[in-house]
Amino acid sequence: MNANIKSATRREVYRRDGYRCALCDSSQGLQVHHVIPRGEGGTDSPHNLITLCSYCHSHAHGRPLYDTPVTAAEIAQACVEYLADYYAPDWNPWAKGRWSDG
């Protein structure tokens with residue numbers, strides 16, 4: 001699951017997130033997740049990417065690997081809150097041009 005994200009961008013996101021899942025703090029099976037899917041206008045900007053372990057990433061896409069009361073919507077909200085906290089006060093995903101790669 002490489003999603004064609006540039007290696008330098010992937011490394012930047014992993015480094016920013018401390019080489020751990022931003023949600024559960026695991027260091028196993030790390031993957032980069034698009035908070036706003038590319039099909040909905042999200043890009044490969046670090047402002048739209050978050051490090052998740054394979055379990056949290058699967059759950060974020062509505063396919064949990066284990067039984068849990070947490071919903072995919074709650075995972076999505078946690079991802080948005082993580083990035084908002086990290087980039088605050090500058091982070092506004094709805095600002096014009098925010099998701100541009102350049």
# chains A, B, ... in the order shown; residues from 1 in each chain; ligands from 1
>>> select_by_dssp(residues="chain A", states="strand (DSSP E)", output="PDB file with N, CA and C atoms, in the first residue's frame")
ATOM      1  N   LEU A  30       3.738   0.301  10.054  1.00  0.00           N
ATOM      2  CA  LEU A  30       3.377   1.692   9.788  1.00  0.00           C
ATOM      3  C   LEU A  30       3.048   1.934   8.318  1.00  0.00           C
ATOM      4  N   GLN A  31       2.027   2.780   8.112  1.00  0.00           N
ATOM      5  CA  GLN A  31       1.566   3.153   6.787  1.00  0.00           C
ATOM      6  C   GLN A  31       1.155   4.620   6.833  1.00  0.00           C
ATOM      7  N   VAL A  32       1.136   5.259   5.679  1.00  0.00           N
ATOM      8  CA  VAL A  32       0.702   6.649   5.604  1.00  0.00           C
ATOM      9  C   VAL A  32      -0.730   6.687   5.091  1.00  0.00           C
ATOM     10  N   HIS A  33      -1.564   7.438   5.792  1.00  0.00           N
ATOM     11  CA  HIS A  33      -2.996   7.524   5.489  1.00  0.00           C
ATOM     12  C   HIS A  33      -3.349   8.940   5.042  1.00  0.00           C
ATOM     13  N   HIS A  34      -4.161   9.050   3.991  1.00  0.00           N
ATOM     14  CA  HIS A  34      -4.701  10.338   3.545  1.00  0.00           C
ATOM     15  C   HIS A  34      -5.922  10.658   4.409  1.00  0.00           C
ATOM     16  N   LEU A  49      -1.617  14.055   5.536  1.00  0.00           N
ATOM     17  CA  LEU A  49      -1.128  12.692   5.743  1.00  0.00           C
ATOM     18  C   LEU A  49      -0.844  12.437   7.213  1.00  0.00           C
ATOM     19  N   ILE A  50      -1.075  11.195   7.628  1.00  0.00           N
ATOM     20  CA  ILE A  50      -0.846  10.814   9.017  1.00  0.00           C
ATOM     21  C   ILE A  50      -0.302   9.389   9.046  1.00  0.00           C
ATOM     22  N   THR A  51       0.568   9.112   9.986  1.00  0.00           N
ATOM     23  CA  THR A  51       1.119   7.772  10.160  1.00  0.00           C
ATOM     24  C   THR A  51       0.154   6.934  10.985  1.00  0.00           C
ATOM     25  N   LEU A  52      -0.248   5.796  10.435  1.00  0.00           N
ATOM     26  CA  LEU A  52      -1.100   4.850  11.153  1.00  0.00           C
ATOM     27  C   LEU A  52      -0.487   3.462  11.069  1.00  0.00           C
ATOM     28  N   CYS A  53      -0.710   2.647  12.095  1.00  0.00           N
ATOM     29  CA  CYS A  53      -0.313   1.240  12.017  1.00  0.00           C
ATOM     30  C   CYS A  53      -1.326   0.538  11.111  1.00  0.00           C
TER      31      CYS A  53
END
>>> residues_around(residues="His59 in chain A", least_positions_apart="4", cutoff="10 Å", atoms="only C-alpha atoms", output="MDAnalysis selection string")
chainID A and resid 52:55 63:66 68 70:76
>>> closest_residue(among="A:Cys56, A:Tyr86, A:Lys6, A:Thr43", to="Asp25 in chain A", atoms="only C-alpha atoms")
A:Cys56
>>> select_by_dssp(residues="range 27-87 of chain A", states="alpha helix (DSSP H)", output="JSON, numbers by chain")
{"A": [54, 55, 56, 57, 58, 59, 60, 72, 73, 74, 75, 76, 77, 78, 79, 80, 81, 82, 83, 84, 85, 86, 87]}
>>> write_last_selection(atoms="N, CA and C atoms", output="CSV table (one decimal), in the first residue's frame")
chain,number,residue,atom,x,y,z
A,54,SER,N,-1.0,-0.7,10.7
A,54,SER,CA,-1.9,-1.4,9.8
A,54,SER,C,-3.3,-1.6,10.4
A,55,TYR,N,-3.4,-1.8,11.7
A,55,TYR,CA,-4.7,-2.0,12.4
A,55,TYR,C,-5.5,-0.7,12.3
A,56,CYS,N,-4.9,0.4,12.7
A,56,CYS,CA,-5.7,1.7,12.7
A,56,CYS,C,-6.0,2.1,11.3
A,57,HIS,N,-5.1,1.8,10.3
A,57,HIS,CA,-5.3,2.2,8.9
A,57,HIS,C,-6.5,1.4,8.4
A,58,SER,N,-6.5,0.1,8.6
A,58,SER,CA,-7.6,-0.7,8.1
A,58,SER,C,-8.9,-0.2,8.7
A,59,HIS,N,-8.9,0.1,10.0
A,59,HIS,CA,-10.1,0.6,10.7
A,59,HIS,C,-10.5,1.9,10.1
A,60,ALA,N,-9.6,2.8,9.8
A,60,ALA,CA,-9.9,4.1,9.2
A,60,ALA,C,-10.7,3.9,7.9
A,72,ALA,N,-15.3,3.9,12.3
A,72,ALA,CA,-14.4,4.5,11.3
A,72,ALA,C,-14.6,6.0,11.4
A,73,ALA,N,-15.8,6.5,11.7
A,73,ALA,CA,-16.0,7.9,11.8
A,73,ALA,C,-15.2,8.5,13.0
A,74,GLU,N,-15.1,7.8,14.0
A,74,GLU,CA,-14.3,8.2,15.2
A,74,GLU,C,-12.8,8.2,14.9
A,75,ILE,N,-12.4,7.2,14.1
A,75,ILE,CA,-11.0,7.2,13.7
A,75,ILE,C,-10.7,8.4,12.8
A,76,ALA,N,-11.6,8.7,11.9
A,76,ALA,CA,-11.4,9.8,11.0
A,76,ALA,C,-11.3,11.1,11.8
A,77,GLN,N,-12.2,11.2,12.8
A,77,GLN,CA,-12.2,12.5,13.6
A,77,GLN,C,-10.9,12.6,14.4
A,78,ALA,N,-10.4,11.4,14.9
A,78,ALA,CA,-9.1,11.5,15.7
A,78,ALA,C,-8.0,11.9,14.8
A,79,CYS,N,-8.0,11.4,13.5
A,79,CYS,CA,-6.9,11.8,12.6
A,79,CYS,C,-7.0,13.3,12.3
A,80,VAL,N,-8.2,13.9,12.1
A,80,VAL,CA,-8.3,15.3,11.9
A,80,VAL,C,-7.8,16.1,13.1
A,81,GLU,N,-8.2,15.6,14.3
A,81,GLU,CA,-7.8,16.3,15.5
A,81,GLU,C,-6.3,16.3,15.7
A,82,TYR,N,-5.7,15.1,15.4
A,82,TYR,CA,-4.2,15.0,15.5
A,82,TYR,C,-3.5,16.1,14.7
A,83,LEU,N,-3.9,16.2,13.4
A,83,LEU,CA,-3.3,17.1,12.5
A,83,LEU,C,-3.6,18.6,12.9
A,84,ALA,N,-4.8,18.8,13.3
A,84,ALA,CA,-5.2,20.1,13.8
A,84,ALA,C,-4.4,20.6,15.0
A,85,ASP,N,-4.2,19.7,15.9
A,85,ASP,CA,-3.4,20.0,17.1
A,85,ASP,C,-1.9,20.2,16.7
A,86,TYR,N,-1.4,19.4,15.8
A,86,TYR,CA,0.0,19.5,15.4
A,86,TYR,C,0.3,20.8,14.6
A,87,TYR,N,-0.6,21.2,13.7
A,87,TYR,CA,-0.4,22.3,12.9
A,87,TYR,C,-1.0,23.6,13.4
>>> closest_residue(among="A:Ile36, A:Gln28, A:Ser45, A:Cys21", to="Ala8 in chain A", atoms="only C-alpha atoms")
A:Ser45
